[in-house]
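**Student:** Quick one: the structure is below, questions incoming.
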Amino acid sequence: MKNVFKKTIMAALAAALVFAAFPLTSAFAQSENPPKGEVSNEKLEQAWARQLKNYERLGKGFEDTDAQIAQFQARIDKAAENGKDVTALQAALDAFESALKSGRPIYASMNGIVNSHQGFDANGKVTDAEKAKSTLGEMRAKMQELKSAMNGTGKALREAMKAFREANKPKDAPQKDL
C-alpha cells in the first residue's frame, strides 16, 4: 500500500514540475521597476535567454504527460477498488488533463515565436532592438495565456493529493515528532 502512495506522490510531483516555470514568468512580466527609456541590447538578450529557458522547461513538462496521467489514473482506480473515496482526486485530475489539452496548442504556438526569433540571431544576440522587444512581448503574452489556460489546476491536483493522503493515513503509522 505504501508503494502505491509513493508512486502517486511521485506522479503529483512530476506534474508539479510541469508548472515550475510559471511563477518566474509572471514575476518577470510584473516588474516593479520597468526600465526608463531605452533597454540595452544586453538586457534584451538576457530576457530572451530567460524566456527560452522557461520555454524549454515547459516543453519538458509537456513531454509524456499522457503516460503520466494514465499512471495517475491507474493509481486512482486502484485506490477506488480498495474502497477509498477518490472523487476529489478524480475531479482534480480531470481538470488538470483538460487544462493540459487546452494548453498544448498555446505551447505549440510559442514554437513559432522561438523558431522565428525576430530581432535575435541564432545565438540570441540582438539584431534589431524593436523587433526583439516585440518578440519578447509576444512570448510574455503566450506565457501568460498558457498560465491562464492551466488556471492553477496543477496546484489543485497537488492539494487534492495532499488531502487524500492525509485522509487515508494508516491508523497504525508512527507519528513523527516535530
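Naming scheme: A, B, ... for chains in displayed order of the C-alpha cells; residues 1 onward per chain; ligands 1 onward as shown.
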Dump as CSV the rows for residues of segment 37-128 of chain A within 12 Å of segment 167-172 of chain A: closest atom pair and distance in Å with one decimal, only C-alpha atoms counted, ordered by chain and rising residue number.

**Tutor:**
```
residue,atom,partner,partner_atom,distance
A:Ala79,CA,A:Asn168,CA,10.0
A:Ala80,CA,A:Asn168,CA,11.9
A:Asn82,CA,A:Asn168,CA,11.2
A:Gly83,CA,A:Asn168,CA,10.7
A:Lys84,CA,A:Asn168,CA,7.8
A:Asp85,CA,A:Asn168,CA,9.1
A:Val86,CA,A:Asn168,CA,10.4
A:Ala88,CA,A:Ala167,CA,11.6
A:Leu89,CA,A:Ala167,CA,11.9
```

**Student:** Those same residues - N, CA, C and O atoms - I'd like them written as a PDB file, in the first residue's frame.

**Tutor:**
```pdb
ATOM      1  N   ALA A  79      -6.978   2.743  -5.954  1.00  0.00           N
ATOM      2  CA  ALA A  79      -7.423   3.230  -4.645  1.00  0.00           C
ATOM      3  C   ALA A  79      -8.942   3.118  -4.526  1.00  0.00           C
ATOM      4  O   ALA A  79      -9.469   2.774  -3.457  1.00  0.00           O
ATOM      5  N   ALA A  80      -9.651   3.370  -5.618  1.00  0.00           N
ATOM      6  CA  ALA A  80     -11.109   3.248  -5.612  1.00  0.00           C
ATOM      7  C   ALA A  80     -11.523   1.791  -5.408  1.00  0.00           C
ATOM      8  O   ALA A  80     -12.489   1.507  -4.686  1.00  0.00           O
ATOM      9  N   ASN A  82      -9.958  -0.296  -3.712  1.00  0.00           N
ATOM     10  CA  ASN A  82      -9.693  -0.594  -2.303  1.00  0.00           C
ATOM     11  C   ASN A  82     -10.662   0.123  -1.366  1.00  0.00           C
ATOM     12  O   ASN A  82     -10.461   0.135  -0.161  1.00  0.00           O
ATOM     13  N   GLY A  83     -11.682   0.739  -1.944  1.00  0.00           N
ATOM     14  CA  GLY A  83     -12.722   1.357  -1.134  1.00  0.00           C
ATOM     15  C   GLY A  83     -12.426   2.782  -0.695  1.00  0.00           C
ATOM     16  O   GLY A  83     -13.114   3.311   0.169  1.00  0.00           O
ATOM     17  N   LYS A  84     -11.453   3.418  -1.278  1.00  0.00           N
ATOM     18  CA  LYS A  84     -11.101   4.795  -0.919  1.00  0.00           C
ATOM     19  C   LYS A  84     -11.988   5.765  -1.689  1.00  0.00           C
ATOM     20  O   LYS A  84     -12.393   5.494  -2.812  1.00  0.00           O
ATOM     21  N   ASP A  85     -12.247   6.906  -1.082  1.00  0.00           N
ATOM     22  CA  ASP A  85     -13.015   7.960  -1.749  1.00  0.00           C
ATOM     23  C   ASP A  85     -12.046   8.781  -2.596  1.00  0.00           C
ATOM     24  O   ASP A  85     -11.200   9.498  -2.071  1.00  0.00           O
ATOM     25  N   VAL A  86     -12.168   8.668  -3.900  1.00  0.00           N
ATOM     26  CA  VAL A  86     -11.242   9.326  -4.815  1.00  0.00           C
ATOM     27  C   VAL A  86     -11.928  10.401  -5.664  1.00  0.00           C
ATOM     28  O   VAL A  86     -11.354  10.854  -6.652  1.00  0.00           O
ATOM     29  N   ALA A  88     -12.490  13.625  -5.172  1.00  0.00           N
ATOM     30  CA  ALA A  88     -11.748  14.893  -5.265  1.00  0.00           C
ATOM     31  C   ALA A  88     -10.505  14.723  -6.141  1.00  0.00           C
ATOM     32  O   ALA A  88     -10.188  15.602  -6.961  1.00  0.00           O
ATOM     33  N   LEU A  89      -9.819  13.592  -5.973  1.00  0.00           N
ATOM     34  CA  LEU A  89      -8.637  13.323  -6.797  1.00  0.00           C
ATOM     35  C   LEU A  89      -9.017  13.203  -8.267  1.00  0.00           C
ATOM     36  O   LEU A  89      -8.340  13.752  -9.137  1.00  0.00           O
TER      37      LEU A  89
END
```

**Student:** Enter the distance from atom CA of Ala108 of chain A to atom CA of Ala91 of chain A, in Å, rounded to one decimal.

**Tutor:** 26.1 Å

**Student:** Return the single residue from A:Met143, A:Asp94, A:Trp48, A:Lys53 that is closest to Gln73 of chain A, with distances computed using only C-alpha atoms.

**Tutor:**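 Nearest candidate to Gln73 of chain A out of A:Met143, A:Asp94, A:Trp48, A:Lys53: A:Asp94.
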
**Student:** Excluding Phe120 of chain A and residues on its chain fewer than 6 positions from it, collect all residues at most 9 Å away from it, counting only C-alpha atoms, and give them as a ChimeraX atom specification.

**Tutor:** /A:45,48,126-129,131-132,135

**Student:** With distances taken over only C-alpha atoms, which of A:Ser109, A:Gln46, A:Ser148, A:Gln118 is nearest to Ser134 of chain A?

**Tutor:**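 Going through A:Ser109, A:Gln46, A:Ser148, A:Gln118 one by one, the smallest distance to Ser134 of chain A is for A:Gln118.
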
**Student:** By how many Å are atom CA of Lys162 of chain A and atom CA of Gly59 of chain A apart?

**Tutor:**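 Atom CA of Lys162 of chain A sits 25.9 Å away from atom CA of Gly59 of chain A.
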
**Student:** Report the distance between atom CA of Ser116 of chain A and atom CA of Glu56 of chain A in Å, rounded to one decimal place.

**Tutor:** 15.7 Å
